[in-house]
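Engineer: Contents are compact mmCIF, C-alpha atoms; file name start.txt:
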```
# COMPACT_ATOMS: atom_id res chain seq x y z
CA MET A 26 -62.80 11.92 -146.99
CA SER A 27 -61.67 9.84 -149.99
CA LYS A 28 -64.16 7.47 -151.58
CA VAL A 29 -61.51 4.81 -152.16
CA ASP A 30 -62.84 1.34 -151.48
CA PHE A 31 -62.18 0.33 -147.88
CA TYR A 32 -60.91 -3.11 -148.88
CA GLU A 33 -58.47 -1.53 -151.37
CA LEU A 34 -57.26 0.89 -148.70
CA LEU A 35 -56.33 -2.01 -146.40
CA GLY A 36 -55.08 -4.19 -149.26
CA VAL A 37 -57.33 -7.17 -148.49
CA SER A 38 -59.95 -9.13 -150.38
CA ARG A 39 -63.65 -8.63 -149.71
CA ASP A 40 -63.88 -12.04 -148.00
CA ALA A 41 -61.00 -11.34 -145.57
CA ASP A 42 -61.64 -12.49 -142.00
CA SER A 43 -61.28 -10.30 -138.90
CA ALA A 44 -57.74 -11.49 -138.15
CA THR A 45 -56.59 -10.63 -141.68
CA LEU A 46 -58.21 -7.21 -141.36
CA LYS A 47 -56.43 -6.55 -138.08
CA VAL A 48 -53.01 -7.51 -139.49
CA ALA A 49 -53.58 -5.40 -142.60
CA TYR A 50 -54.65 -2.35 -140.60
CA ARG A 51 -51.76 -2.70 -138.23
CA LYS A 52 -49.30 -2.75 -141.13
CA MET A 53 -50.88 0.29 -142.84
CA ALA A 54 -51.20 2.26 -139.58
CA MET A 55 -47.53 1.71 -138.86
CA LYS A 56 -46.63 2.81 -142.37
CA TYR A 57 -48.60 6.06 -142.34
CA HIS A 58 -48.42 6.94 -138.65
CA PRO A 59 -47.84 10.71 -138.17
CA ASP A 60 -44.90 10.11 -135.87
CA ARG A 61 -43.11 8.34 -138.71
CA ASN A 62 -44.11 10.92 -141.31
CA GLN A 63 -43.85 14.24 -139.54
CA GLY A 64 -44.98 17.14 -141.70
CA ASP A 65 -46.35 14.83 -144.42
CA GLU A 66 -50.01 15.83 -144.79
CA THR A 67 -50.61 13.14 -147.41
CA ALA A 68 -49.45 10.40 -144.99
CA GLU A 69 -51.59 11.89 -142.21
CA GLN A 70 -54.66 11.85 -144.47
CA LYS A 71 -53.88 8.27 -145.49
CA PHE A 72 -53.57 7.31 -141.83
CA LYS A 73 -57.04 8.72 -141.16
CA GLU A 74 -58.50 6.89 -144.16
CA VAL A 75 -57.14 3.46 -143.21
CA GLY A 76 -58.37 4.06 -139.65
CA ALA A 77 -61.82 4.88 -140.96
CA ALA A 78 -61.78 1.78 -143.17
CA TYR A 79 -60.83 -0.53 -140.32
CA GLU A 80 -63.38 1.10 -138.00
CA ALA A 81 -66.10 0.25 -140.53
CA LEU A 82 -64.99 -3.23 -141.51
CA LYS A 83 -64.14 -4.59 -138.04
CA ASP A 84 -67.78 -4.21 -136.97
CA PRO A 85 -69.92 -6.98 -138.57
CA GLN A 86 -73.03 -4.76 -138.83
CA LYS A 87 -71.16 -1.82 -140.33
CA ARG A 88 -69.33 -4.15 -142.69
CA ALA A 89 -72.57 -5.70 -143.88
CA ALA A 90 -74.03 -2.24 -144.53
CA TYR A 91 -70.89 -1.17 -146.40
CA ASP A 92 -70.89 -4.36 -148.52
CA GLN A 93 -74.47 -3.65 -149.53
CA PHE A 94 -74.55 0.15 -149.91
CA GLY A 95 -70.91 1.19 -150.11
CA HIS A 96 -69.95 4.63 -148.77
CA ALA A 97 -73.60 5.66 -148.95
CA ALA A 98 -74.20 3.53 -145.85
CA PHE A 99 -72.33 6.13 -143.78
CA GLN A 100 -73.73 9.34 -145.28
CA GLN A 101 -76.30 11.53 -143.56
CA GLY A 102 -79.33 9.39 -142.77
CA GLY A 103 -77.41 6.16 -143.14
CA ALA A 104 -75.75 4.01 -140.54
CA ARG A 105 -73.34 6.10 -138.43
CA GLY A 106 -69.76 5.37 -139.29
CA PRO A 107 -66.43 6.93 -140.14
CA GLY A 108 -67.29 7.56 -143.78
CA GLY A 109 -69.21 10.72 -142.90
CA GLY A 110 -66.22 12.41 -141.30
CA PHE A 111 -64.52 12.42 -137.92
CA GLY A 112 -67.12 13.20 -135.30
CA PRO A 113 -66.58 13.59 -131.57
CA ASP A 114 -66.42 9.83 -131.08
CA PHE A 115 -63.56 9.27 -133.51
CA SER A 116 -60.86 9.97 -130.91
CA SER A 117 -62.40 7.35 -128.64
CA SER A 118 -62.64 4.88 -131.52
CA MET A 119 -59.02 5.39 -132.50
CA SER A 120 -57.91 4.97 -128.88
CA ASP A 121 -59.88 1.73 -128.58
CA MET A 122 -58.37 0.42 -131.82
CA PHE A 123 -54.83 1.20 -130.69
CA GLU A 124 -55.45 -0.47 -127.33
CA ASP A 125 -56.76 -3.50 -129.18
CA LEU A 126 -53.96 -3.70 -131.73
CA PHE A 127 -50.88 -2.39 -129.93
CA GLY A 128 -51.70 -3.11 -126.29
CA ASP A 129 -48.91 -5.64 -125.99
CA PHE A 130 -46.36 -2.97 -126.90
CA MET A 131 -47.90 0.12 -125.29
CA GLY A 132 -49.40 -1.40 -122.14
CA GLY A 133 -52.91 -0.51 -123.38
CA GLY A 134 -56.19 -2.34 -122.94
CA ALA A 135 -58.07 -3.20 -119.79
CA THR A 136 -55.77 -6.09 -118.96
CA GLY A 137 -52.66 -3.94 -119.38
CA ALA A 138 -54.16 -1.22 -117.20
CA ARG A 139 -54.93 -3.67 -114.42
CA ARG A 140 -51.40 -5.05 -114.60
CA GLY A 141 -49.92 -1.55 -114.46
CA ARG A 142 -52.14 -0.60 -111.54
CA ALA A 143 -51.06 -3.65 -109.55
CA ALA A 144 -47.39 -3.05 -110.38
CA ASN A 145 -47.60 0.52 -109.10
CA PHE A 146 -48.56 -0.71 -105.63
CA ARG A 147 -46.11 -3.61 -105.36
CA GLY A 148 -43.51 -3.22 -102.66
CA ALA A 149 -39.87 -2.73 -103.58
CA ASP A 150 -37.35 -5.59 -103.61
CA LEU A 151 -34.66 -5.39 -100.94
CA ARG A 152 -30.99 -6.41 -100.87
CA TYR A 153 -29.19 -7.60 -97.73
CA ASN A 154 -25.46 -8.33 -97.70
CA LEU A 155 -24.63 -11.26 -95.40
CA GLU A 156 -21.09 -12.37 -94.56
CA VAL A 157 -20.67 -15.92 -93.26
CA SER A 158 -17.61 -17.83 -92.09
CA LEU A 159 -16.02 -20.58 -94.14
CA GLU A 160 -17.01 -23.01 -91.36
CA ASP A 161 -20.68 -22.04 -91.73
CA ALA A 162 -20.43 -22.38 -95.50
CA PHE A 163 -18.94 -25.86 -94.98
CA ALA A 164 -21.49 -27.21 -92.50
CA GLY A 165 -24.55 -25.12 -93.37
CA GLN A 166 -26.23 -22.88 -90.85
CA THR A 167 -29.40 -20.96 -90.02
CA VAL A 168 -28.56 -17.29 -89.53
CA GLU A 169 -30.78 -14.65 -87.91
CA VAL A 170 -30.75 -11.26 -89.67
CA ASP A 171 -32.42 -7.93 -88.89
CA VAL A 172 -33.71 -6.26 -92.04
CA PRO A 173 -34.91 -2.63 -92.02
CA THR A 174 -38.01 -2.53 -94.22
CA MET A 175 -41.45 -1.08 -94.81
CA ALA A 176 -43.92 -3.49 -93.15
CA GLN A 177 -47.69 -3.54 -93.27
CA CYS A 178 -49.34 -1.16 -90.82
CA ASP A 179 -51.06 -3.12 -88.05
CA THR A 180 -53.46 -0.29 -87.25
CA CYS A 181 -55.18 -0.14 -90.64
CA GLU A 182 -54.10 -3.65 -91.74
CA GLY A 183 -52.44 -2.22 -94.81
CA ASP A 184 -55.52 -0.47 -96.18
CA GLY A 185 -54.29 3.03 -95.41
CA ALA A 186 -57.66 4.22 -94.13
CA LYS A 187 -58.34 5.18 -90.53
CA PRO A 188 -60.13 2.31 -88.72
CA GLY A 189 -63.89 2.87 -88.74
CA THR A 190 -63.79 4.92 -91.94
CA GLY A 191 -64.30 3.74 -95.48
CA MET A 192 -63.26 4.28 -99.07
CA SER A 193 -65.10 6.36 -101.64
CA THR A 194 -65.10 6.18 -105.41
CA CYS A 195 -62.63 8.67 -106.85
CA SER A 196 -64.52 11.71 -108.12
CA THR A 197 -61.87 12.44 -110.76
CA CYS A 198 -61.75 9.10 -112.59
CA HIS A 199 -65.06 7.71 -111.31
CA GLY A 200 -63.41 4.51 -110.15
CA HIS A 201 -61.53 3.69 -113.38
CA GLY A 202 -58.10 4.61 -112.04
CA LYS A 203 -57.29 6.44 -115.29
CA VAL A 204 -58.29 9.71 -116.89
CA ARG A 205 -58.56 10.33 -120.62
CA THR A 206 -57.44 13.48 -122.40
CA SER A 207 -57.67 14.29 -126.09
CA GLN A 208 -54.68 15.35 -128.16
CA GLY A 209 -55.71 16.01 -131.73
CA PHE A 210 -57.64 12.98 -132.92
CA PHE A 211 -55.99 10.72 -130.32
CA SER A 212 -57.29 10.02 -126.84
CA ILE A 213 -54.55 9.45 -124.27
CA GLU A 214 -55.10 7.63 -121.00
CA ARG A 215 -53.03 8.44 -117.90
CA THR A 216 -53.04 7.28 -114.30
CA CYS A 217 -55.46 9.32 -112.26
CA PRO A 218 -53.48 11.94 -110.29
CA THR A 219 -56.04 12.01 -107.48
CA CYS A 220 -56.15 8.30 -106.55
CA GLN A 221 -52.88 7.24 -108.24
CA GLY A 222 -54.72 4.57 -110.20
CA ARG A 223 -56.51 2.95 -107.26
CA GLY A 224 -59.98 4.15 -108.27
CA GLU A 225 -60.81 4.96 -104.64
CA THR A 226 -59.96 7.67 -102.16
CA MET A 227 -59.88 7.41 -98.39
CA ASP A 228 -62.41 9.26 -96.29
CA GLN A 229 -59.73 9.63 -93.57
CA PRO A 230 -56.11 8.38 -93.76
CA CYS A 231 -54.65 6.22 -91.00
CA THR A 232 -52.82 8.38 -88.48
CA ASP A 233 -50.10 5.78 -87.82
CA CYS A 234 -48.96 5.36 -91.44
CA SER A 235 -50.30 8.59 -93.00
CA GLY A 236 -52.45 6.61 -95.39
CA GLN A 237 -49.63 4.53 -96.91
CA GLY A 238 -50.73 1.26 -95.32
CA ARG A 239 -47.15 0.55 -94.27
CA LYS A 240 -44.48 1.92 -91.93
CA GLN A 241 -40.77 1.54 -91.20
CA GLU A 242 -39.64 -1.25 -88.89
CA ASN A 243 -36.92 -3.88 -88.45
CA ARG A 244 -37.84 -7.48 -89.21
CA ASN A 245 -36.00 -10.47 -87.80
CA LEU A 246 -35.70 -13.26 -90.36
CA SER A 247 -34.07 -16.69 -90.40
CA VAL A 248 -31.90 -17.42 -93.43
CA ASP A 249 -30.91 -21.01 -94.19
CA ILE A 250 -27.32 -21.23 -95.44
CA PRO A 251 -26.94 -24.53 -97.35
CA GLU A 252 -23.80 -26.65 -97.19
CA GLY A 253 -21.24 -25.70 -99.81
CA ILE A 254 -22.64 -22.25 -100.54
CA GLU A 255 -20.19 -20.13 -102.55
CA ASP A 256 -19.13 -16.53 -102.37
CA GLY A 257 -21.50 -14.31 -104.39
CA THR A 258 -24.49 -16.65 -104.15
CA ARG A 259 -27.87 -14.91 -104.10
CA ILE A 260 -30.73 -16.28 -101.98
CA ARG A 261 -34.24 -15.05 -102.82
CA LEU A 262 -36.88 -14.86 -100.07
CA SER A 263 -40.18 -14.38 -101.84
CA GLY A 264 -42.55 -11.85 -100.29
CA GLU A 265 -40.04 -10.70 -97.64
CA GLY A 266 -39.29 -7.33 -99.24
CA GLU A 267 -41.11 -4.07 -98.64
CA ALA A 268 -44.87 -4.22 -98.10
CA GLY A 269 -46.87 -2.86 -101.01
CA LEU A 270 -48.53 0.53 -100.81
CA ARG A 271 -52.09 0.21 -99.46
CA SER A 272 -52.34 -3.58 -99.37
CA GLY A 273 -50.31 -4.04 -102.54
CA PRO A 274 -48.26 -7.26 -102.87
CA PRO A 275 -44.88 -7.26 -101.11
CA GLY A 276 -41.56 -7.29 -102.89
CA ASP A 277 -38.83 -9.91 -102.48
CA LEU A 278 -35.72 -9.96 -100.31
CA TYR A 279 -32.42 -10.93 -101.90
CA ILE A 280 -29.64 -12.14 -99.60
CA PHE A 281 -26.18 -11.74 -101.17
CA ILE A 282 -23.65 -14.09 -99.54
CA SER A 283 -19.98 -13.30 -99.07
CA ILE A 284 -17.51 -15.70 -97.43
CA ALA A 285 -15.23 -14.16 -94.80
CA PRO A 286 -11.44 -14.68 -95.25
CA HIS A 287 -10.08 -17.66 -93.31
CA ASP A 288 -6.90 -17.74 -91.24
CA LEU A 289 -5.61 -20.96 -92.82
CA PHE A 290 -7.60 -21.98 -95.89
CA GLN A 291 -8.12 -20.40 -99.29
CA ARG A 292 -11.02 -21.69 -101.35
CA ASP A 293 -11.27 -22.41 -105.07
CA GLY A 294 -14.65 -23.92 -105.86
CA ALA A 295 -14.92 -27.11 -103.82
CA ASP A 296 -11.17 -27.38 -103.17
CA LEU A 297 -9.28 -25.88 -100.24
CA TYR A 298 -5.66 -24.78 -100.17
CA ALA A 299 -3.36 -24.30 -97.18
CA ARG A 300 0.26 -23.13 -97.06
CA VAL A 301 2.33 -24.63 -94.23
CA PRO A 302 5.93 -23.57 -93.49
CA ILE A 303 8.27 -26.47 -92.62
CA ALA A 304 11.85 -26.48 -91.45
CA MET A 305 14.65 -27.14 -93.93
CA THR A 306 15.75 -30.15 -91.93
CA THR A 307 12.22 -31.62 -92.02
CA ALA A 308 12.07 -31.10 -95.77
CA ALA A 309 15.46 -32.78 -96.18
CA LEU A 310 15.04 -35.66 -93.74
CA GLY A 311 11.24 -36.16 -93.98
CA GLY A 312 8.65 -36.10 -91.22
CA ASP A 313 5.02 -35.34 -90.62
CA PHE A 314 2.66 -32.80 -89.05
CA GLU A 315 -1.07 -32.29 -88.42
CA VAL A 316 -3.47 -29.74 -89.92
CA PRO A 317 -7.05 -29.04 -88.78
CA THR A 318 -9.93 -29.67 -91.18
CA LEU A 319 -13.27 -27.87 -91.43
CA ASP A 320 -15.17 -30.90 -90.16
CA GLY A 321 -13.51 -30.41 -86.75
CA ALA A 322 -11.03 -33.27 -87.12
CA ARG A 323 -7.27 -33.34 -87.77
CA ALA A 324 -5.43 -34.73 -90.76
CA ARG A 325 -1.83 -35.99 -90.67
CA VAL A 326 0.38 -34.83 -93.52
CA LYS A 327 3.47 -36.89 -94.38
CA VAL A 328 6.52 -34.96 -95.56
CA PRO A 329 8.65 -37.07 -97.93
CA ALA A 330 12.43 -36.81 -97.55
CA GLY A 331 13.78 -34.28 -100.03
CA THR A 332 10.57 -32.23 -100.23
CA GLN A 333 11.03 -29.14 -102.37
CA PRO A 334 9.55 -25.65 -101.70
CA GLY A 335 6.00 -25.35 -103.02
CA GLN A 336 5.44 -29.11 -103.20
CA ARG A 337 1.82 -30.07 -102.49
CA VAL A 338 0.18 -32.97 -100.71
CA ARG A 339 -3.42 -33.81 -101.61
CA LEU A 340 -5.87 -34.87 -98.89
CA LYS A 341 -8.78 -36.38 -100.77
CA GLY A 342 -12.30 -35.56 -99.56
CA LYS A 343 -11.14 -32.94 -97.04
CA GLY A 344 -12.36 -29.93 -99.02
CA MET A 345 -15.77 -28.24 -99.31
CA PRO A 346 -19.05 -30.01 -100.08
CA VAL A 347 -20.48 -29.22 -103.51
CA LEU A 348 -23.74 -27.25 -103.26
CA ARG A 349 -26.79 -29.52 -103.62
CA SER A 350 -24.57 -32.54 -104.34
CA SER A 351 -23.01 -35.47 -102.52
CA GLN A 352 -19.56 -34.64 -103.92
CA VAL A 353 -16.79 -33.21 -101.77
CA GLY A 354 -13.65 -31.38 -102.85
CA ASP A 355 -10.05 -31.97 -101.75
CA LEU A 356 -7.58 -30.19 -99.47
CA TYR A 357 -4.19 -29.30 -100.93
CA VAL A 358 -1.38 -28.61 -98.43
CA GLN A 359 1.50 -26.65 -99.92
CA MET A 360 4.79 -26.89 -98.05
CA ASP A 361 6.91 -23.77 -97.89
CA VAL A 362 10.44 -24.74 -96.91
CA GLU A 363 11.87 -22.20 -94.48
CA THR A 364 15.54 -21.29 -94.63
CA PRO A 365 17.18 -21.18 -91.15
CA GLN A 366 17.76 -17.71 -89.69
CA ASN A 367 19.61 -16.31 -86.66
CA LEU A 368 22.16 -19.18 -86.66
CA THR A 369 24.37 -19.85 -83.68
CA LYS A 370 28.09 -20.40 -84.18
CA LYS A 371 27.66 -24.15 -83.78
CA GLN A 372 24.79 -24.28 -86.30
CA ARG A 373 26.79 -22.29 -88.83
CA GLU A 374 29.78 -24.62 -88.46
CA LEU A 375 27.57 -27.64 -89.03
CA LEU A 376 26.02 -26.12 -92.15
CA GLU A 377 29.46 -25.26 -93.49
CA GLN A 378 30.54 -28.86 -92.94
CA LEU A 379 27.39 -30.01 -94.74
CA ASP A 380 28.14 -27.70 -97.63
CA GLU A 381 31.68 -29.10 -97.96
CA ILE A 382 30.47 -32.65 -98.37
CA THR A 383 27.41 -31.79 -100.51
CA THR A 384 27.57 -33.18 -104.10
CA HIS A 385 25.60 -32.53 -107.27
CA ASP A 386 23.45 -35.52 -106.41
CA ASN A 387 22.18 -33.72 -103.30
CA SER A 388 20.96 -30.67 -105.30
CA PRO A 389 20.44 -31.87 -108.88
CA SER A 390 18.23 -28.95 -109.94
CA SER A 391 20.65 -26.22 -108.89
CA ALA A 392 23.64 -28.16 -110.20
CA GLY A 393 22.02 -28.57 -113.61
CA PHE A 394 20.97 -24.94 -113.72
CA PHE A 395 24.40 -23.54 -112.96
CA ALA A 396 25.95 -25.90 -115.49
CA LYS A 397 23.69 -24.43 -118.18
CA LEU A 398 24.48 -20.93 -116.92
CA LYS A 399 28.21 -21.61 -117.25
CA GLY A 400 27.78 -22.77 -120.84
CA LEU A 401 25.80 -19.65 -121.65
CA PHE A 402 28.53 -17.36 -120.31
CA GLU A 403 31.15 -19.20 -122.37
CA ARG A 404 29.14 -18.79 -125.58
CA MET A 405 28.58 -15.10 -124.85
CA GLY A 406 32.34 -14.63 -124.28
CA GLN A 407 33.18 -16.23 -127.62
```
In structure tokens, write the structure found in this file.
Structural biologist:
Amino acid sequence: MSKVDFYELLGVSRDADSATLKVAYRKMAMKYHPDRNQGDETAEQKFKEVGAAYEALKDPQKRAAYDQFGHAAFQQGGARGPGGGFGPDFSSSMSDMFEDLFGDFMGGGATGARRGRAANFRGADLRYNLEVSLEDAFAGQTVEVDVPTMAQCDTCEGDGAKPGTGMSTCSTCHGHGKVRTSQGFFSIERTCPTCQGRGETMDQPCTDCSGQGRKQENRNLSVDIPEGIEDGTRIRLSGEGEAGLRSGPPGDLYIFISIAPHDLFQRDGADLYARVPIAMTTAALGGDFEVPTLDGARARVKVPAGTQPGQRVRLKGKGMPVLRSSQVGDLYVQMDVETPQNLTKKQRELLEQLDEITTHDNSPSSAGFFAKLKGLFERMGQ
């Protein structure tokens, strides 16, 4: 082991506080880590030296001994420390340091282990696709749904153990939920394969759920559909997903809403659109008709004389309510003028008479268009 001054190795002053030491070691460890310098024996040796330096200086008692006696404090007969080589406890020390320094990134440390253990037993989230009618989306509704899921076992109350039996400390991990194996000078922790991180094993598993603490069943749930809900909206029901393994927390249930196609209305946000065919005579002479609205009433639509195909009439406030708002959209009625078909002889004669007395003033758009078309042909001929 090099006799380079520990403070020089870490690049800090002798009065550096613990936080400064930690930052300095973290930077140097990242720089010389074997994974970043594969095959570089010099970098590997440097990595060991900065680890030894931090191991000595992070402990107040070891640091005080080093400040007073230097490397001699860790020689044979002196205070035990990393200066005398890498003994059997060095792997454990390095593992503890990495858990302390890099736990946020690697999931290490006691807190990270507890979080990981809880996450392993959490139930899965579920998705349920629910189609509702446009009327239900307009007025709001409470819908009953049957969701196939893994629910808590009533026999063992989710514990997984046969009633009347107990739990024993896992003999493999001794209740820690993790086992440690050494790889070189590192000590790696893994979830215990015997208890799957629980730290306990069952004396006898529940016969109804085979020790899982949950079993398959259908659950009937009520889902509140708010007024104005839109296609593609996701509703989250917290805790209504799968039950966790062996009393673990349940997952969530996500309801994905789709709006069924309507026979009359098309929706665009809060506005509704309806296409209504009207006779040519009604479009020419004017008139009116009624359309139903989603609130159960009827609205009268006035057709102005001379209505053109595709012309729209706006019915204010007859559209969809805006979700979680007092605003309401509008209803737009588009009139599709229908050309007469299957004419009788008398009807044809009347239309021919109408055509004979029709002037440009009766059809200004078509008259203007064909006038432009005539001019275009003349220019092309020239």
Engineer: Give me, as number ranges by chain, all polymer residues having an atom no more than 8 Å from Ile284 of chain A, counting all atoms listed in the file and skipping those fewer than 3 positions away in the same chain.
Structural biologist: A: 156-159, 162, 255-256
Engineer: Do you know which residues lie at most 12 Å from (-43.8, -3.1, -94.4), with coordinates as in the file and only C-alpha atoms counted, and could you write them as a PyMOL selection string?
Structural biologist: chain A and resi 147-151+172-179+182-183+234+237-244+264-277
Engineer: Excluding Thr216 of chain A and any residue of its chain fewer than 2 positions from it, enumerate the residues within 9 Å of it, using all atoms listed in the file, and give them as an MDAnalysis selection string.
Structural biologist: chainID A and resid 142 202:205 214 218:223
Engineer: Kindly indicate which residue among A:Pro329, A:Pro251, A:Gly36, A:Gly335 lies nearest to Ala309 of chain A, using all atoms listed in the file for the distances.
Structural biologist: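 Comparing A:Pro329, A:Pro251, A:Gly36, A:Gly335 against Ala309 of chain A, the winner is A:Pro329.
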Engineer: Please report the interatomic distance between atom CA of Arg349 of chain A and atom CA of Gly253 of chain A in Å with one decimal.
Structural biologist: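 Rounded to one decimal, the two atoms are 7.7 Å apart.
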Engineer: Measure the distance from atom CA of Thr206 of chain A to atom CA of Asn62 of chain A in Å and round it to one decimal.
Structural biologist: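 The value is 23.3 Å.
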Engineer: Would you mind reading off the distance between atom CA of Ala44 of chain A and atom CA of Leu82 of chain A, one decimal, in Å?
Structural biologist: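 Atom CA of Ala44 of chain A sits 11.5 Å away from atom CA of Leu82 of chain A.
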Engineer: Mind dumping segment 77-97 of chain A from that block, keeping C-alpha atoms, as a PDB file, in the first residue's frame?
Structural biologist:
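Wrote out17.pdb, looks like this:
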```pdb
ATOM      1  CA  ALA A  77      -8.494   3.151   2.218  1.00  0.00           C
ATOM      2  CA  ALA A  78      -7.969   6.879   2.752  1.00  0.00           C
ATOM      3  CA  TYR A  79     -11.680   7.596   3.034  1.00  0.00           C
ATOM      4  CA  GLU A  80     -12.210   4.583   5.313  1.00  0.00           C
ATOM      5  CA  ALA A  81      -9.636   6.055   7.706  1.00  0.00           C
ATOM      6  CA  LEU A  82     -10.638   9.700   7.569  1.00  0.00           C
ATOM      7  CA  LYS A  83     -14.425   9.284   7.753  1.00  0.00           C
ATOM      8  CA  ASP A  84     -14.119   7.753  11.232  1.00  0.00           C
ATOM      9  CA  PRO A  85     -13.336  10.489  13.814  1.00  0.00           C
ATOM     10  CA  GLN A  86     -11.245   8.150  16.020  1.00  0.00           C
ATOM     11  CA  LYS A  87      -9.230   6.759  13.121  1.00  0.00           C
ATOM     12  CA  ARG A  88      -8.764  10.248  11.720  1.00  0.00           C
ATOM     13  CA  ALA A  89      -7.489  11.543  15.043  1.00  0.00           C
ATOM     14  CA  ALA A  90      -5.007   8.663  15.249  1.00  0.00           C
ATOM     15  CA  TYR A  91      -3.852   9.277  11.670  1.00  0.00           C
ATOM     16  CA  ASP A  92      -3.436  13.032  12.291  1.00  0.00           C
ATOM     17  CA  GLN A  93      -1.229  12.257  15.272  1.00  0.00           C
ATOM     18  CA  PHE A  94       0.774   9.210  14.126  1.00  0.00           C
ATOM     19  CA  GLY A  95       0.341   9.117  10.357  1.00  0.00           C
ATOM     20  CA  HIS A  96       0.420   5.717   8.636  1.00  0.00           C
ATOM     21  CA  ALA A  97       2.076   4.242  11.719  1.00  0.00           C
TER      22      ALA A  97
END
```
